[in-house]
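Take a look at the structure set out below.
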Amino acid sequence: MKHPSSVSAERIVTEIYMAHVQVTLLEGRTIEQKRRAVKRVTQALHEELNVNPEKLTIAFVEVPRYSYARNGTLISDRNTKA
């Protein structure tokens, strides 16, 4: 293992500013909505946190309405007017 003083500053910066974002949401968004969201999240993290866009990964985890609950009730069982 290399001594920390022998590691280049460029390598340290790229390793420090790596990020992974996981977005959990109810299924049903279009691929175009996801494309727009990915661009905006990438831009925001780059601008606000100096994350290198090439080092950023984003994962969408889509959950069916019957597998997500709020306040003790499955979303699939909730009245859609509420």
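Please note that chains go A, B, ... in the order of the structure tokens, that every chain numbers its residues from 1, and that ligands are numbered from 1 in the order shown.
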Just the residues within 10 Å of A:Val38, please, counting only C-alpha atoms, with nothing from its chain fewer than 2 positions along; format it as a PDB file with C-alpha atoms, in the first residue's frame.
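Saved as selection-v8.pdb:
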ATOM      1  CA  VAL A  21     -27.753   8.431  -5.439  1.00  0.00           C
ATOM      2  CA  GLU A  32     -38.226  10.590 -20.365  1.00  0.00           C
ATOM      3  CA  GLN A  33     -39.054  11.746 -16.813  1.00  0.00           C
ATOM      4  CA  LYS A  34     -36.121   9.682 -15.526  1.00  0.00           C
ATOM      5  CA  ARG A  35     -33.793  11.149 -18.153  1.00  0.00           C
ATOM      6  CA  ARG A  36     -34.723  14.678 -17.068  1.00  0.00           C
ATOM      7  CA  ARG A  40     -30.957  17.694 -13.006  1.00  0.00           C
ATOM      8  CA  VAL A  41     -29.644  15.596 -10.102  1.00  0.00           C
ATOM      9  CA  THR A  42     -26.253  15.313 -11.790  1.00  0.00           C
ATOM     10  CA  GLN A  43     -26.114  19.063 -12.404  1.00  0.00           C
ATOM     11  CA  ALA A  44     -27.156  19.899  -8.827  1.00  0.00           C
ATOM     12  CA  THR A  57     -24.078   6.869 -10.344  1.00  0.00           C
ATOM     13  CA  ILE A  58     -27.848   7.108  -9.947  1.00  0.00           C
ATOM     14  CA  ALA A  59     -30.244   4.197  -9.434  1.00  0.00           C
ATOM     15  CA  PHE A  60     -34.021   4.294  -9.606  1.00  0.00           C
TER      16      PHE A  60
END
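Excluding A:Ser76 itself and any same-chain residue fewer than 6 positions from it, the protein and nucleic acid residues within 10 Å of it, counting only C-alpha atoms, are Pro64, Arg65, Tyr66, Ser67, Tyr68 and Ala69 of chain A.
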Next, write the just-selected residues to a file, as a short mmCIF file (atom, residue, chain, number, x, y, z; two decimals), in the first residue's frame, keeping C-alpha atoms as the atom set.
data_model
loop_
_atom_site.label_atom_id
_atom_site.label_comp_id
_atom_site.auth_asym_id
_atom_site.auth_seq_id
_atom_site.Cartn_x
_atom_site.Cartn_y
_atom_site.Cartn_z
CA PRO A 64 -45.18 -1.28 -6.75
CA ARG A 65 -48.07 0.47 -4.98
CA TYR A 66 -48.81 -2.77 -3.08
CA SER A 67 -45.25 -2.82 -1.67
CA TYR A 68 -45.18 0.71 -0.24
CA ALA A 69 -47.10 2.00 2.74
#
Excluding A:His46 and its own-chain neighbours fewer than 5 positions away, which residues fall within 12 Å of it when counting only C-alpha atoms? Please give them as a PyMOL selection string.
chain A and resi 17-19+39-41+51-56
When distances are computed from only C-alpha atoms, which of A:Ala37, A:Leu45, A:Asp77, A:Gly72 shows the smallest separation from A:His20?
A:Leu45
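Here atom CA of A:Leu49 is placed at a distance of 27.2 Å from atom CA of A:Leu26.
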Any idea what the distance is between atom CA of A:Gln22 and atom CA of A:Val63?
12.6 Å
Identify which of the residues A:Glu48, A:Leu25, A:Thr30, A:Asn79 lies closest to A:Glu62, counting only C-alpha atoms when measuring atom-to-atom distances.
A:Leu25
